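S.K.: Dropping in run-v1.cif, which is mmCIF, C-alpha atoms and all ligand atoms:
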```cif
data_run
#
loop_
_atom_site.label_atom_id
_atom_site.label_comp_id
_atom_site.auth_asym_id
_atom_site.auth_seq_id
_atom_site.Cartn_x
_atom_site.Cartn_y
_atom_site.Cartn_z
CA HIS Q 1 -0.65 6.56 -17.08
CA SER Q 2 1.76 3.67 -17.54
CA GLU Q 3 5.16 3.92 -19.04
CA GLU Q 4 6.90 1.56 -21.38
CA ASP Q 5 10.26 1.22 -19.65
CA SER Q 6 13.26 1.55 -21.95
CA SER Q 7 14.89 -1.73 -20.96
CA ASP Q 8 12.12 -4.23 -20.49
CA GLY Q 9 8.38 -4.16 -19.99
CA TYR Q 10 6.07 -1.91 -18.04
CA LEU Q 11 6.79 0.44 -15.16
CA PHE Q 12 3.87 0.92 -12.77
CA LYS Q 13 3.88 3.66 -10.17
CA ILE Q 14 2.09 2.56 -7.03
CA VAL Q 15 1.59 4.75 -3.94
CA LEU Q 16 1.25 3.76 -0.29
CA LEU Q 17 -1.40 5.71 1.64
CA GLY Q 18 -2.85 5.57 5.14
CA ASP Q 19 -2.41 7.09 8.57
CA SER Q 20 0.99 7.36 10.19
CA GLY Q 21 1.96 4.18 12.04
CA VAL Q 22 -0.22 1.69 10.15
CA GLY Q 23 2.84 -0.08 8.73
CA LYS Q 24 3.25 1.31 5.20
CA SER Q 25 7.05 1.51 5.35
CA ASN Q 26 7.30 -1.95 6.85
CA LEU Q 27 5.04 -3.47 4.20
CA LEU Q 28 7.40 -2.06 1.61
CA ALA Q 29 10.49 -3.17 3.54
CA ARG Q 30 9.07 -6.67 3.86
CA PHE Q 31 8.11 -6.85 0.21
CA ALA Q 32 11.23 -5.29 -1.33
CA ARG Q 33 13.95 -6.46 1.07
CA ASP Q 34 12.30 -9.04 3.36
CA GLU Q 35 13.10 -6.83 6.34
CA PHE Q 36 11.14 -5.58 9.35
CA TYR Q 37 11.84 -2.69 11.70
CA SER Q 38 10.35 -2.66 15.18
CA ASN Q 39 10.69 1.13 15.31
CA SER Q 40 9.75 3.62 12.59
CA LYS Q 41 13.22 4.18 11.17
CA SER Q 42 12.21 2.52 7.92
CA THR Q 43 10.21 5.61 6.95
CA ILE Q 44 13.15 7.95 6.79
CA GLY Q 45 14.81 8.72 3.50
CA VAL Q 46 13.13 6.20 1.24
CA GLU Q 47 11.33 7.79 -1.65
CA PHE Q 48 10.45 4.72 -3.67
CA GLN Q 49 11.60 1.18 -4.33
CA THR Q 50 11.55 -0.49 -7.69
CA GLN Q 51 10.73 -4.16 -7.68
CA LYS Q 52 10.96 -6.46 -10.68
CA MET Q 53 8.00 -8.79 -10.96
CA GLU Q 54 6.39 -11.12 -13.43
CA VAL Q 55 2.77 -11.19 -14.53
CA LYS Q 56 1.58 -13.91 -16.86
CA GLY Q 57 5.16 -14.48 -17.97
CA ASN Q 58 5.78 -10.79 -18.69
CA LYS Q 59 8.33 -8.58 -16.96
CA VAL Q 60 6.91 -5.70 -14.98
CA LYS Q 61 8.53 -3.17 -12.70
CA ALA Q 62 6.58 -1.93 -9.72
CA GLN Q 63 7.81 1.45 -8.53
CA ILE Q 64 6.37 1.68 -5.03
CA TRP Q 65 6.34 5.07 -3.32
CA ASP Q 66 6.46 5.61 0.42
CA THR Q 67 5.33 8.83 2.09
CA ALA Q 68 8.46 9.61 4.15
CA GLY Q 69 6.20 10.53 7.05
CA GLN Q 70 4.47 13.54 5.44
CA GLU Q 71 1.08 12.00 6.22
CA ARG Q 72 1.59 12.97 9.87
CA PHE Q 73 1.05 16.58 8.79
CA ARG Q 74 -1.63 15.80 6.18
CA ALA Q 75 0.83 17.20 3.67
CA VAL Q 76 1.24 14.48 1.07
CA THR Q 77 2.17 16.46 -2.01
CA SER Q 78 0.64 16.20 -5.46
CA ALA Q 79 4.05 15.08 -6.79
CA TYR Q 80 3.61 11.97 -4.69
CA TYR Q 81 0.41 11.07 -6.49
CA ARG Q 82 1.45 12.17 -9.97
CA GLY Q 83 1.35 9.36 -12.51
CA ALA Q 84 0.24 6.70 -10.04
CA VAL Q 85 -1.70 3.83 -11.58
CA GLY Q 86 -2.17 1.92 -8.33
CA ALA Q 87 -2.58 2.57 -4.61
CA LEU Q 88 -2.46 0.57 -1.42
CA VAL Q 89 -4.64 2.24 1.20
CA VAL Q 90 -3.46 0.80 4.48
CA TYR Q 91 -5.06 0.74 7.93
CA ASP Q 92 -4.08 -0.98 11.16
CA VAL Q 93 -6.55 -3.70 12.25
CA SER Q 94 -5.66 -2.89 15.87
CA ARG Q 95 -6.50 0.81 15.51
CA ARG Q 96 -10.08 1.69 14.59
CA GLN Q 97 -9.21 5.31 13.94
CA SER Q 98 -6.91 4.33 11.07
CA PHE Q 99 -9.83 2.45 9.49
CA ASP Q 100 -12.08 5.49 9.91
CA SER Q 101 -9.49 7.52 7.97
CA VAL Q 102 -9.70 5.33 4.87
CA GLY Q 103 -12.44 7.46 3.29
CA ARG Q 104 -10.33 10.56 3.63
CA TRP Q 105 -7.36 8.82 1.96
CA LEU Q 106 -9.59 7.69 -0.90
CA ASN Q 107 -10.80 11.27 -1.37
CA GLU Q 108 -7.21 12.50 -1.42
CA LEU Q 109 -6.31 9.86 -3.96
CA HIS Q 110 -9.20 10.74 -6.24
CA THR Q 111 -8.45 14.45 -5.99
CA HIS Q 112 -4.99 13.84 -7.42
CA CYS Q 113 -5.39 10.76 -9.62
CA ASP Q 114 -7.75 9.32 -12.14
CA MET Q 115 -10.93 7.85 -10.60
CA ASN Q 116 -9.95 4.44 -11.92
CA VAL Q 117 -6.56 4.18 -10.24
CA ILE Q 118 -6.43 0.52 -9.14
CA THR Q 119 -6.75 0.42 -5.36
CA ILE Q 120 -6.37 -2.28 -2.76
CA LEU Q 121 -7.52 -1.81 0.81
CA VAL Q 122 -5.00 -3.40 3.17
CA GLY Q 123 -5.69 -4.23 6.83
CA ASN Q 124 -2.22 -4.63 8.35
CA LYS Q 125 -0.95 -6.06 11.69
CA THR Q 126 -3.10 -9.21 11.74
CA ASP Q 127 -0.48 -10.69 14.09
CA LEU Q 128 -1.90 -8.48 16.87
CA LYS Q 129 -4.79 -10.89 17.39
CA ASP Q 130 -5.76 -9.84 20.91
CA ALA Q 131 -5.73 -6.14 20.04
CA ARG Q 132 -7.98 -6.31 16.99
CA GLU Q 133 -10.44 -3.41 16.62
CA VAL Q 134 -11.48 -3.93 12.99
CA SER Q 135 -12.98 -7.25 11.91
CA THR Q 136 -12.27 -8.90 8.58
CA THR Q 137 -15.97 -8.51 7.78
CA ASP Q 138 -15.82 -4.73 8.30
CA GLY Q 139 -12.78 -4.49 6.03
CA LYS Q 140 -14.40 -6.59 3.31
CA PHE Q 141 -17.62 -4.63 3.52
CA LEU Q 142 -15.87 -1.28 3.09
CA ALA Q 143 -13.79 -2.63 0.22
CA GLU Q 144 -16.87 -3.93 -1.58
CA SER Q 145 -18.81 -0.71 -1.06
CA ARG Q 146 -15.97 1.32 -2.59
CA SER Q 147 -15.07 -1.25 -5.30
CA LEU Q 148 -11.60 -1.91 -3.90
CA PHE Q 149 -9.60 -5.08 -3.75
CA PHE Q 150 -9.02 -6.24 -0.19
CA MET Q 151 -6.41 -8.11 1.79
CA GLU Q 152 -5.30 -8.44 5.40
CA THR Q 153 -1.56 -8.58 6.02
CA SER Q 154 1.16 -8.68 8.62
CA ALA Q 155 4.47 -7.05 7.81
CA LEU Q 156 5.75 -8.61 11.03
CA ASP Q 157 5.06 -12.26 10.22
CA SER Q 158 4.99 -11.70 6.42
CA SER Q 159 1.51 -13.06 5.87
CA ASN Q 160 -0.10 -11.91 2.60
CA VAL Q 161 2.45 -9.15 2.01
CA ASN Q 162 3.66 -10.54 -1.31
CA ALA Q 163 0.09 -11.47 -2.19
CA ALA Q 164 -1.11 -7.89 -1.68
CA PHE Q 165 1.55 -6.42 -3.98
CA GLN Q 166 1.11 -9.24 -6.50
CA THR Q 167 -2.65 -8.63 -6.58
CA ILE Q 168 -2.37 -4.95 -7.32
CA VAL Q 169 0.32 -5.39 -9.96
CA LYS Q 170 -1.66 -8.14 -11.66
CA GLU Q 171 -4.82 -6.03 -11.72
CA ILE Q 172 -2.95 -3.00 -13.09
CA TYR Q 173 -1.47 -5.23 -15.75
CA ASN Q 174 -4.89 -6.59 -16.67
CA VAL Q 175 -6.29 -3.09 -17.11
CA LEU Q 176 -3.36 -1.50 -18.91
CA SER Q 177 -2.00 -4.25 -21.13
P1 LIG Q 201 4.04 3.91 8.63
O1 LIG Q 201 4.06 5.16 9.45
O2 LIG Q 201 2.68 3.63 8.08
O3 LIG Q 201 5.12 3.85 7.59
O4 LIG Q 201 4.31 2.71 9.67
P2 LIG Q 201 5.69 1.93 9.97
O5 LIG Q 201 5.99 0.94 8.90
O6 LIG Q 201 6.73 2.91 10.31
O7 LIG Q 201 5.25 1.10 11.26
C1 LIG Q 201 4.82 1.75 12.44
C2 LIG Q 201 5.02 0.83 13.62
O8 LIG Q 201 4.20 -0.34 13.49
C3 LIG Q 201 6.46 0.33 13.76
O9 LIG Q 201 6.76 0.25 15.13
C4 LIG Q 201 6.41 -1.05 13.15
O10 LIG Q 201 7.37 -1.92 13.70
C5 LIG Q 201 4.99 -1.51 13.49
N1 LIG Q 201 4.43 -2.46 12.50
C6 LIG Q 201 4.40 -2.32 11.16
N2 LIG Q 201 3.79 -3.38 10.59
C7 LIG Q 201 3.45 -4.21 11.60
C8 LIG Q 201 2.79 -5.49 11.65
O11 LIG Q 201 2.39 -6.09 10.66
N3 LIG Q 201 2.60 -6.03 12.91
C9 LIG Q 201 3.01 -5.40 14.05
N4 LIG Q 201 2.79 -6.02 15.21
N5 LIG Q 201 3.64 -4.21 14.01
C10 LIG Q 201 3.85 -3.62 12.82
MG MG Q 202 6.36 5.26 6.97
#
```
Spit out the file's structure as structure tokens when you get a sec.
M.R.:
Amino acid sequence: HSEEDSSDGYLFKIVLLGDSGVGKSNLLARFARDEFYSNSKSTIGVEFQTQKMEVKGNKVKAQIWDTAGQERFRAVTSAYYRGAVGALVVYDVSRRQSFDSVGRWLNELHTHCDMNVITILVGNKTDLKDAREVSTTDGKFLAESRSLFFMETSALDSSNVNAAFQTIVKEIYNVLS
């Protein structure tokens, strides 16, 4: 469900999902603060970040939740999912196993949220060109077969990071407004 924020406009809860190490925390750090961490410190302590955005001239707040590392123990709690209207399911294009986990993350998501939670599949770390294990075609194909939006990003060199968050917020807005 969406909430009409008391001050101005909509508040959309969006959750980050995907295997440990795929770059979820860094995607959020890049988007919300234009920062990047070469180690995994960014995961610790951050529950969510609220980012003001604009869609079609309207003010929107994206409240983006990060897992705080619980995914390592397959213990993402139902509180994490509660009320989410959007999800970024992230894999690492240089780690096939993280792509193979996408189905499991989608199942998790649909166990806890409405079937029609707006979801974008994100292939991160495109800067690691020589280490690629998942092609763009494979990513697109999976996204199409599961009716997800799709984008490839790099939190390191910033490519498509804003675009990925903009896409999901715009699509949520289109559905809920
Ligand atoms: P999380 O466990 O999914 O939150 O992943 P993190 O954001 O903690 O990132 C895990 C590791 O991958 C860290 O060492 C990051 O510096 C690195 N990383 C994250 N995004 C990228 C990226 O786009 N490119 C590269 N080369 N490394 C990345
Ligand atoms: Mg993290």
S.K.: Set out as a tab-separated table a contact list for chain Q and ligand MG 202 (chain Q) with a cut-off of 6 Å, giving each residue of chain Q that qualifies its closest atom pair and distance in Å to one decimal, counting only C-alpha atoms and all ligand atoms, ordered by chain and rising residue number.
M.R.:
```
residue	atom	partner	partner_atom	distance
Q:Lys24	CA	Q:MG202	MG	5.3
Q:Ser25	CA	Q:MG202	MG	4.1
Q:Thr43	CA	Q:MG202	MG	3.9
Q:Ala68	CA	Q:MG202	MG	5.6
Q:Gly69	CA	Q:MG202	MG	5.3
```
S.K.: What is the atom CA of Ser147 of chain Q to atom CA of Lys59 of chain Q distance in Å?
M.R.: 27.2 Å
S.K.: Find, counting only C-alpha atoms, the residue in Q:Ser98, Q:Ser177, Q:Ser20, Q:Asn162 that gets nearest to Lys56 of chain Q.
M.R.: Q:Ser177
S.K.: Enumerate residues in contact with ligand LIG 201 (chain Q): an atom-to-atom distance of at most 7 Å, counting all atoms listed in the file. Format the result as a PyMOL selection string.
M.R.: chain Q and resi 18-27+36-43+69+124-128+153-157
S.K.: Q:Val102, Q:Leu16, Q:Val134, Q:Leu176: which is nearest Trp65 of chain Q, counting all atoms listed in the file?
M.R.: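 Under the stated criterion, the closest residue is Q:Leu16.
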S.K.: Segment 78-123 of chain Q near segment 137-143 of chain Q within 9 Å: what's each residue's closest atom pair and its distance in Å to one decimal, counting all atoms listed in the file, ordered by chain then ascending residue number, as a Markdown table?
M.R.:
```
| residue | atom | partner | partner_atom | distance |
| --- | --- | --- | --- | --- |
| Q:Val93 | CA | Q:Gly139 | CA | 8.8 |
| Q:Phe99 | CA | Q:Gly139 | CA | 8.3 |
| Q:Ile120 | CA | Q:Ala143 | CA | 8.0 |
| Q:Leu121 | CA | Q:Ala143 | CA | 6.4 |
| Q:Val122 | CA | Q:Gly139 | CA | 8.4 |
| Q:Gly123 | CA | Q:Gly139 | CA | 7.1 |
```
S.K.: Between atom CA of Thr119 of chain Q and atom CA of Arg96 of chain Q, what is the distance, to one decimal in Å?
M.R.: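 So the two atoms, atom CA of Thr119 of chain Q and atom CA of Arg96 of chain Q, lie 20.3 Å apart.
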S.K.: Expressed in Å to a single decimal, how great is the separation between atom CA of Ser78 of chain Q and atom CA of Val90 of chain Q?
M.R.: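 Atom CA of Ser78 of chain Q sits 18.8 Å away from atom CA of Val90 of chain Q.
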S.K.: Check the smallest atom-to-atom distance from each of Q:Arg74, Q:Lys61, Q:Arg95, Q:Arg132 to Lys170 of chain Q using only C-alpha atoms, then report the winner.
M.R.: Q:Lys61
S.K.: Counting only C-alpha atoms, what is within 12 Å of Thr167 of chain Q, bar same-chain residues fewer than 2 positions away, as a compact mmCIF listing (two decimals) with C-alpha atoms, in the coordinates of the input?
M.R.:
```
# COMPACT_ATOMS: atom_id res chain seq x y z
CA MET Q 53 8.00 -8.79 -10.96
CA GLU Q 54 6.39 -11.12 -13.43
CA VAL Q 55 2.77 -11.19 -14.53
CA ALA Q 62 6.58 -1.93 -9.72
CA GLY Q 86 -2.17 1.92 -8.33
CA ALA Q 87 -2.58 2.57 -4.61
CA LEU Q 88 -2.46 0.57 -1.42
CA ILE Q 118 -6.43 0.52 -9.14
CA THR Q 119 -6.75 0.42 -5.36
CA ILE Q 120 -6.37 -2.28 -2.76
CA LEU Q 121 -7.52 -1.81 0.81
CA VAL Q 122 -5.00 -3.40 3.17
CA LEU Q 148 -11.60 -1.91 -3.90
CA PHE Q 149 -9.60 -5.08 -3.75
CA PHE Q 150 -9.02 -6.24 -0.19
CA MET Q 151 -6.41 -8.11 1.79
CA ASN Q 160 -0.10 -11.91 2.60
CA VAL Q 161 2.45 -9.15 2.01
CA ASN Q 162 3.66 -10.54 -1.31
CA ALA Q 163 0.09 -11.47 -2.19
CA ALA Q 164 -1.11 -7.89 -1.68
CA PHE Q 165 1.55 -6.42 -3.98
CA VAL Q 169 0.32 -5.39 -9.96
CA LYS Q 170 -1.66 -8.14 -11.66
CA GLU Q 171 -4.82 -6.03 -11.72
CA ILE Q 172 -2.95 -3.00 -13.09
CA TYR Q 173 -1.47 -5.23 -15.75
CA ASN Q 174 -4.89 -6.59 -16.67
```
S.K.: Taking into account only C-alpha atoms, which residue in the set Q:Glu47, Q:Glu108, Q:Glu35, Q:Glu144 is nearest to Thr67 of chain Q?
M.R.: Q:Glu47
S.K.: Considering only C-alpha atoms, state which residue in the set Q:Asn116, Q:Thr136, Q:Glu152, Q:Leu17 is at the smallest distance from Ala75 of chain Q.
M.R.: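 Among Q:Asn116, Q:Thr136, Q:Glu152, Q:Leu17, it is Q:Leu17 that comes nearest to Ala75 of chain Q.
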S.K.: Find the smallest box with edges along x, y and z containing every listed atom of segment 108-120 of chain Q, then add 3 Å on each side and report centre and edge lengths in Å to one decimal, as JSON.
M.R.:
```
{"center_x": -8.0, "center_y": 6.1, "center_z": -6.8, "size_x": 11.9, "size_y": 22.7, "size_z": 16.7}
```
S.K.: Find the residue from Q:Leu11, Q:Ile168, Q:Trp105, Q:Asp66 that sits nearest to Leu28 of chain Q; use only C-alpha atoms when measuring.
M.R.: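 Smallest distance to Leu28 of chain Q is found for Q:Asp66.
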